[in-house]
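Containing compact mmCIF, C-alpha atoms: structure_0.txt.
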```
# COMPACT_ATOMS: atom_id res chain seq x y z
CA MET A 1 71.09 89.57 67.09
CA ASP A 2 72.04 87.15 69.87
CA HIS A 3 73.34 89.16 72.85
CA ARG A 4 74.02 86.22 75.14
CA SER A 5 77.31 86.35 77.00
CA PRO A 6 79.89 83.54 76.70
CA LEU A 7 78.79 82.39 80.17
CA ASP A 8 75.17 82.16 78.98
CA ALA A 9 76.37 80.38 75.87
CA ARG A 10 78.30 77.80 77.87
CA GLN A 11 75.32 77.16 80.13
CA SER A 12 73.12 76.61 77.07
CA GLY A 13 75.61 74.21 75.49
CA LEU A 14 77.13 76.55 72.90
CA ASP A 15 80.85 76.95 72.27
CA PRO A 16 81.96 80.07 74.25
CA PHE A 17 84.69 80.84 71.70
CA SER A 18 82.16 81.21 68.90
CA ALA A 19 79.53 83.00 71.00
CA PRO A 20 78.71 86.67 70.22
CA ALA A 21 81.27 89.18 71.47
CA THR A 22 80.77 90.68 74.90
CA ALA A 23 81.96 94.12 75.97
CA SER A 24 83.30 92.63 79.21
CA PHE A 25 86.58 90.75 78.94
CA THR A 26 86.12 89.63 82.55
CA ASP A 27 82.84 87.90 81.63
CA TYR A 28 84.61 86.20 78.74
CA VAL A 29 87.38 84.88 81.00
CA ALA A 30 84.81 83.81 83.60
CA ALA A 31 83.15 81.66 80.93
CA THR A 32 86.23 80.21 79.24
CA ALA A 33 88.90 80.05 81.97
CA PRO A 34 87.45 81.05 85.36
CA HIS A 35 90.50 79.73 87.21
CA LEU A 36 92.55 82.59 85.74
CA LEU A 37 90.55 85.29 87.51
CA PRO A 38 92.17 86.89 90.57
CA GLY A 39 91.12 85.31 93.85
CA ARG A 40 89.48 82.25 92.27
CA ALA A 41 91.34 79.68 94.39
CA THR A 42 89.09 76.98 95.82
CA ALA A 43 88.05 77.13 99.44
CA VAL A 44 90.33 74.17 100.19
CA GLN A 45 93.32 75.87 98.57
CA ALA A 46 92.61 79.14 100.35
CA ALA A 47 92.30 77.40 103.70
CA ALA A 48 95.50 75.46 103.15
CA HIS A 49 97.48 78.54 102.10
CA SER A 50 96.51 81.43 104.31
CA ALA A 51 98.15 84.82 103.87
CA ALA A 52 99.92 84.42 107.20
CA GLY A 53 101.28 81.03 106.20
CA LEU A 54 102.56 82.15 102.81
CA ASP A 55 104.03 85.48 103.91
CA VAL A 56 103.10 86.92 100.52
CA PRO A 57 104.49 90.36 99.62
CA HIS A 58 102.21 93.27 100.48
CA GLY A 59 102.07 96.66 98.83
CA THR A 60 101.74 99.58 101.17
CA THR A 61 101.03 103.30 100.84
CA ILE A 62 99.22 105.02 97.96
CA VAL A 63 98.09 108.67 97.97
CA ALA A 64 95.75 110.53 95.61
CA LEU A 65 94.97 114.24 95.39
CA VAL A 66 92.79 116.31 93.09
CA CYS A 67 94.03 119.67 91.81
CA ALA A 68 92.93 122.46 89.50
CA ASP A 69 94.38 120.58 86.51
CA GLY A 70 93.00 117.11 87.30
CA VAL A 71 94.21 114.46 89.72
CA VAL A 72 97.52 113.00 90.95
CA ILE A 73 98.19 109.51 92.33
CA ALA A 74 101.50 108.36 93.83
CA GLY A 75 102.88 105.33 95.60
CA ASP A 76 106.00 104.33 97.47
CA ARG A 77 108.16 101.48 96.13
CA ARG A 78 108.43 99.07 99.07
CA ALA A 79 106.77 95.66 99.37
CA THR A 80 106.98 93.79 102.68
CA SER A 81 106.60 90.18 103.76
CA GLY A 82 106.06 90.20 107.48
CA ASN A 83 108.92 92.22 108.93
CA VAL A 84 111.12 91.67 105.87
CA ILE A 85 111.46 93.96 102.85
CA ALA A 86 110.33 91.71 100.00
CA GLN A 87 111.12 94.22 97.24
CA ARG A 88 112.54 97.72 97.28
CA ASP A 89 111.40 98.92 93.87
CA ILE A 90 107.96 97.41 93.29
CA GLU A 91 105.57 99.55 91.25
CA LYS A 92 102.10 100.01 92.72
CA VAL A 93 100.65 102.76 90.53
CA PHE A 94 99.52 101.97 86.99
CA VAL A 95 97.97 103.88 84.10
CA THR A 96 94.91 101.82 83.11
CA ASP A 97 93.73 103.85 80.12
CA SER A 98 94.00 107.35 78.67
CA TYR A 99 92.13 108.98 81.57
CA SER A 100 92.44 106.65 84.56
CA ALA A 101 94.97 105.04 86.87
CA VAL A 102 94.96 102.64 89.81
CA GLY A 103 97.16 102.33 92.88
CA ILE A 104 97.23 99.04 94.80
CA ALA A 105 97.66 98.11 98.43
CA GLY A 106 97.37 94.67 99.98
CA SER A 107 98.38 91.25 98.62
CA ALA A 108 100.67 92.26 95.79
CA GLY A 109 100.29 89.24 93.51
CA ILE A 110 96.49 89.30 93.42
CA ALA A 111 96.46 93.09 93.17
CA LEU A 112 98.79 93.12 90.16
CA GLU A 113 96.66 90.48 88.44
CA MET A 114 93.55 92.51 89.12
CA VAL A 115 95.02 95.70 87.65
CA ARG A 116 96.26 93.89 84.53
CA LEU A 117 92.83 92.35 83.96
CA PHE A 118 91.15 95.71 84.61
CA THR A 119 93.39 97.39 82.03
CA VAL A 120 92.63 94.72 79.42
CA ASP A 121 88.91 94.95 80.23
CA LEU A 122 88.86 98.70 79.56
CA GLU A 123 90.71 98.25 76.27
CA HIS A 124 88.42 95.36 75.28
CA TYR A 125 85.29 97.40 76.01
CA GLU A 126 86.52 100.28 73.86
CA LYS A 127 87.32 97.95 70.96
CA ILE A 128 83.93 96.23 71.12
CA GLU A 129 81.77 99.29 71.73
CA GLY A 130 83.82 101.86 69.81
CA VAL A 131 83.80 104.33 72.74
CA PRO A 132 85.59 104.35 76.11
CA LEU A 133 83.76 103.26 79.23
CA SER A 134 82.51 106.21 81.30
CA LEU A 135 84.42 107.14 84.44
CA ASP A 136 81.64 105.80 86.67
CA GLY A 137 81.56 102.66 84.55
CA LYS A 138 85.28 102.14 85.11
CA ALA A 139 84.90 102.64 88.86
CA ASN A 140 82.00 100.16 88.98
CA LYS A 141 83.92 97.62 86.90
CA LEU A 142 86.81 97.71 89.39
CA ALA A 143 84.34 97.38 92.28
CA GLY A 144 83.06 94.16 90.73
CA MET A 145 86.59 92.77 90.49
CA VAL A 146 87.26 93.58 94.15
CA ARG A 147 83.99 91.85 95.09
CA GLN A 148 85.04 88.74 93.16
CA ASN A 149 88.11 88.54 95.40
CA LEU A 150 86.01 88.43 98.58
CA GLY A 151 86.63 84.69 99.14
CA ALA A 152 90.39 85.23 99.07
CA ALA A 153 90.04 88.37 101.20
CA MET A 154 88.30 86.29 103.89
CA GLN A 155 91.45 84.14 103.98
CA GLY A 156 93.69 87.18 104.39
CA PHE A 157 94.54 87.97 100.76
CA VAL A 158 93.01 91.45 100.86
CA VAL A 159 93.32 93.85 97.91
CA VAL A 160 92.34 97.50 98.32
CA PRO A 161 92.81 99.57 95.15
CA LEU A 162 92.63 103.34 94.86
CA PHE A 163 91.11 104.51 91.56
CA VAL A 164 91.57 107.96 90.03
CA GLY A 165 90.37 109.41 86.77
CA TYR A 166 89.65 112.52 84.76
CA ASP A 167 85.99 112.93 83.79
CA THR A 168 86.02 114.27 80.23
CA ASP A 169 82.26 114.86 80.48
CA ALA A 170 82.48 117.08 83.56
CA ALA A 171 80.76 120.45 83.20
CA ASP A 172 83.51 122.15 85.21
CA ALA A 173 87.02 121.17 84.08
CA SER A 174 88.47 122.27 87.44
CA LYS A 175 86.40 119.54 89.11
CA ALA A 176 87.03 116.79 86.55
CA GLY A 177 89.59 114.98 88.71
CA ARG A 178 87.98 112.15 90.67
CA ILE A 179 89.10 109.78 93.44
CA VAL A 180 87.25 106.53 94.18
CA THR A 181 88.01 104.20 97.08
CA TYR A 182 86.89 100.64 97.84
CA ASP A 183 86.49 98.25 100.73
CA PRO A 184 87.31 94.51 100.54
CA THR A 185 83.66 93.63 99.85
CA GLY A 186 83.63 95.70 96.66
CA GLY A 187 81.90 98.76 98.07
CA ARG A 188 82.92 101.91 96.17
CA TYR A 189 83.03 105.41 97.59
CA ASP A 190 83.68 108.77 95.95
CA GLU A 191 86.09 110.95 97.91
CA TRP A 192 84.94 114.54 97.74
CA LEU A 193 87.48 116.03 100.20
CA GLY A 194 90.05 116.10 97.41
CA TYR A 195 92.55 113.61 98.86
CA HIS A 196 92.77 110.05 100.11
CA SER A 197 95.28 107.34 100.95
CA VAL A 198 95.27 103.55 101.34
CA GLY A 199 97.79 101.13 102.80
CA SER A 200 99.67 100.74 106.05
CA GLY A 201 100.98 104.30 106.05
CA SER A 202 97.67 105.89 105.06
CA VAL A 203 96.94 107.37 108.48
CA PHE A 204 100.17 109.36 108.44
CA ALA A 205 99.83 110.30 104.77
CA LYS A 206 96.28 111.60 105.31
CA SER A 207 97.42 113.70 108.25
CA SER A 208 100.09 115.26 106.03
CA MET A 209 97.70 115.95 103.14
CA LYS A 210 95.08 117.36 105.48
CA LYS A 211 97.52 120.12 106.42
CA LEU A 212 99.21 120.70 103.07
CA HIS A 213 96.68 120.03 100.34
CA ASP A 214 94.44 122.54 98.57
CA PRO A 215 92.29 121.29 95.63
CA ALA A 216 92.89 124.64 93.93
CA ASN A 217 96.66 124.06 93.75
CA ASP A 218 98.36 123.63 90.39
CA LEU A 219 99.82 120.33 89.21
CA ALA A 220 103.43 120.99 90.28
CA THR A 221 102.41 121.94 93.83
CA THR A 222 100.15 118.88 94.09
CA VAL A 223 102.95 116.55 93.00
CA ARG A 224 105.14 118.08 95.71
CA THR A 225 102.37 117.54 98.29
CA ALA A 226 102.05 113.87 97.26
CA ILE A 227 105.79 113.35 97.78
CA GLU A 228 105.63 115.13 101.15
CA ALA A 229 102.77 112.85 102.24
CA LEU A 230 104.66 109.69 101.25
CA TYR A 231 107.75 111.01 103.07
CA ASP A 232 105.68 111.53 106.24
CA ALA A 233 104.18 108.03 105.90
CA ALA A 234 107.65 106.47 105.55
CA ASP A 235 108.81 108.46 108.59
CA ASP A 236 106.29 106.70 110.85
CA ASP A 237 105.43 103.44 109.08
CA THR A 238 108.16 100.82 108.60
CA ALA A 239 106.28 99.16 105.73
CA THR A 240 106.35 102.35 103.64
CA GLY A 241 109.57 103.04 101.77
CA GLY A 242 111.01 106.51 101.66
CA PRO A 243 112.91 107.89 98.65
CA ASP A 244 116.15 105.95 98.17
CA THR A 245 118.62 108.46 96.74
CA ILE A 246 121.51 105.96 96.84
CA ARG A 247 119.75 103.44 94.61
CA ARG A 248 117.77 106.18 92.84
CA ILE A 249 114.43 104.59 93.73
CA TYR A 250 111.73 107.24 93.80
CA PRO A 251 107.94 107.15 94.19
CA VAL A 252 105.85 106.45 91.10
CA VAL A 253 103.69 109.48 90.34
CA VAL A 254 100.94 109.64 87.69
CA SER A 255 99.02 112.77 86.76
CA ILE A 256 95.75 112.78 84.80
CA THR A 257 94.65 116.00 83.14
CA ALA A 258 92.68 117.01 80.06
CA GLU A 259 95.73 115.93 78.03
CA GLY A 260 95.48 112.39 79.44
CA ALA A 261 97.27 110.16 81.93
CA LEU A 262 101.02 110.57 82.26
CA ARG A 263 103.58 108.89 84.46
CA ARG A 264 105.78 111.74 85.62
CA PRO A 265 109.42 111.36 84.45
CA GLU A 266 111.87 110.02 87.02
CA ASP A 267 114.15 113.05 86.66
CA GLU A 268 111.24 115.33 87.56
CA ILE A 269 110.36 113.28 90.65
CA ALA A 270 114.02 113.08 91.67
CA ALA A 271 114.21 116.89 91.59
CA VAL A 272 111.07 117.17 93.74
CA VAL A 273 112.47 114.61 96.20
CA ASP A 274 115.71 116.59 96.46
CA ARG A 275 113.76 119.73 97.36
CA VAL A 276 111.72 117.84 99.95
CA ILE A 277 114.87 116.41 101.55
CA VAL A 278 116.48 119.86 101.68
CA GLY A 279 113.36 121.18 103.39
CA ARG A 280 113.36 118.31 105.91
CA THR A 281 117.05 118.87 106.60
CA GLU A 282 116.26 122.43 107.60
CA LYS A 283 113.07 121.41 109.45
CA PRO A 284 113.09 117.68 110.34
CA GLY A 285 109.60 117.82 111.81
CA GLY A 286 108.06 118.55 108.42
```

Mind turning this structure into structure tokens?
Amino acid sequence: MDHRSPLDARQSGLDPFSAPATASFTDYVAATAPHLLPGRATAVQAAAHSAAGLDVPHGTTIVALVCADGVVIAGDRRATSGNVIAQRDIEKVFVTDSYSAVGIAGSAGIALEMVRLFTVDLEHYEKIEGVPLSLDGKANKLAGMVRQNLGAAMQGFVVVPLFVGYDTDAADASKAGRIVTYDPTGGRYDEWLGYHSVGSGSVFAKSSMKKLHDPANDLATTVRTAIEALYDAADDDTATGGPDTIRRIYPVVVSITAEGALRRPEDEIAAVVDRVIVGRTEKPGG
């Protein structure tokens, strides 16, 4: 059987569309339409349209916490362009398959493209191979996509995702929740402290989680801690949006447990936000 990728097929003069199937959708796109990949602008285009010159919207704060049931990831809803609020209700946390999710910070347009391609890639792999990609495989796949964006990142279009997943092969179910972070060069790092945050408000969110979080907490308590951390980030970082009770814009929260990935219902998050606000009314300092 010929196992050449579409890229190999194109280089050897074959038609990429009739080449043998590859488990990587990204490789297929790279061979057939490389200009569609995130961050594939030419050097001339990148130099002519720097991030500062375009004032592109930026996503801000994402938090992730492991718990006894799995892992939770949450993000605020504000996107900024310089000192202006570009969007009040942007979504920056996405379920990417049955047992994983990604939160994005950085250049919003490229980040959203990257997450969509990542989601399709995971689905494509499962269809071709008949089994889901392993959790480490998913984390490595996303690292490769971040690395492909390095040229754009050097021009200011930085994307820093935060990956979480539930390892169905873990020997200890209480430790199946995983958090993986990245740097703009594509380096991937497992976070074993049980919490992490990315984005402009991450310093304040981490300080909050450091005091409040316990990996042994149940899911409900961990969701509350995530909301508290985002509230603290919004309190000190202008680019992070706090809960907007007037417009009913609340953080997006996704939990991943043995039952799979689930975006928590808005009514549930609204109730948690109300309790957090009541607590802050009584004790404004947190």

| said: Nearest residue to Asp27 in chain A out of A:Asp214, A:Asp244, A:Glu228, A:Asp121, using all atoms listed in the file? | reply: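 Comparing A:Asp214, A:Asp244, A:Glu228, A:Asp121 against Asp27 in chain A, the winner is A:Asp121.
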
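The closest residue to Val93 in chain A, picked from A:Arg263, A:Leu230, A:Ala258, A:Pro184 and counting all atoms listed in the file, is A:Arg263.
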
| request: Would you work out the distance separating CA of Glu191 in chain A from CA of Ala226 in chain A, expressed in Å to one decimal? | output: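 Straight-line distance from CA of Glu191 in chain A to CA of Ala226 in chain A works out to 16.2 Å.
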
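Note that the spacing between CA of Ile62 in chain A and CA of Gln148 in chain A amounts to 22.1 Å.
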
| request: Using CA of Ile179 in chain A and CA of Gly194 in chain A as the two end points, give the distance in Å to one decimal. | output: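 Answer for the CA of Ile179 in chain A to CA of Gly194 in chain A separation: 7.5 Å.
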
Could you build a table of the residues in range 183-243 of chain A lying no more than 12 Å from range 94-103 of chain A, giving for each the nearest pair of atoms and their separation in Å rounded to one decimal place, using only C-alpha atoms, ordered by chain and ascending residue number, as CSV?
```
residue,atom,partner,partner_atom,distance
A:His196,CA,A:Gly103,CA,11.5
A:Ser197,CA,A:Gly103,CA,9.7
A:Val198,CA,A:Gly103,CA,8.8
A:Gly199,CA,A:Gly103,CA,10.0
```

| Closest of A:Ala79, A:Gly137, A:Ala64, A:Phe25 to Phe118 in chain A - atom-to-atom distances counting all atoms listed in the file | A:Phe25

| message | Can you tell me which residues surround Met209 in chain A at a distance of at most 9 Å, considering only C-alpha atoms, apart from same-chain residues fewer than 2 positions away, and format the answer as number ranges by chain? | response | A: 63, 65, 195-196, 204-207, 211-214, 225-226, 228-229

| said: When you look at Gly187 in chain A with a cut-off of 9 Å (counting only C-alpha atoms), what residues show up, excluding the ones that are within fewer than 2 positions of it in the same chain? I need them as a ChimeraX atom specification. | reply: /A:143-144,146-147,181-185,189

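For the residues A:Gly156, A:Gly130, A:Gly279, A:Pro215, ranking by smallest atom-to-atom distance to Val56 in chain A using all atoms listed in the file places A:Gly156 first.
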
| request: Skip Thr80 in chain A itself and residues of its chain fewer than 3 positions away, then list as a list in words all residues within 8 Å of it, counting all atoms listed in the file. | output: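 Skipping anything fewer than 3 positions along the chain leaves Pro57, His58, Gly59, Thr60, Asn83, Val84, Ile85, Ala86, Gln87 and Ala239 of chain A.
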
| field | Selection near Thr257 in chain A, 10 Å with all atoms listed in the file, sequence-local residues under 3 positions removed, as a list in words | value |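 The residues that qualify are Cys67, Ala68, Asp69, Gly70, Val71, Val72, Ser98, Tyr99, Ser100, Gly165, Tyr166, Asp167, Thr168, Ala173, Ser174, Ala176, Gly177, Leu219, Gly260, Ala261 and Leu262 of chain A.
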
| Residue nearest Val253 in chain A - candidates A:Val223, A:Ala234, A:Ala108, A:Val29, atoms counted: all atoms listed in the file |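 Nearest candidate to Val253 in chain A out of A:Val223, A:Ala234, A:Ala108, A:Val29: A:Val223.
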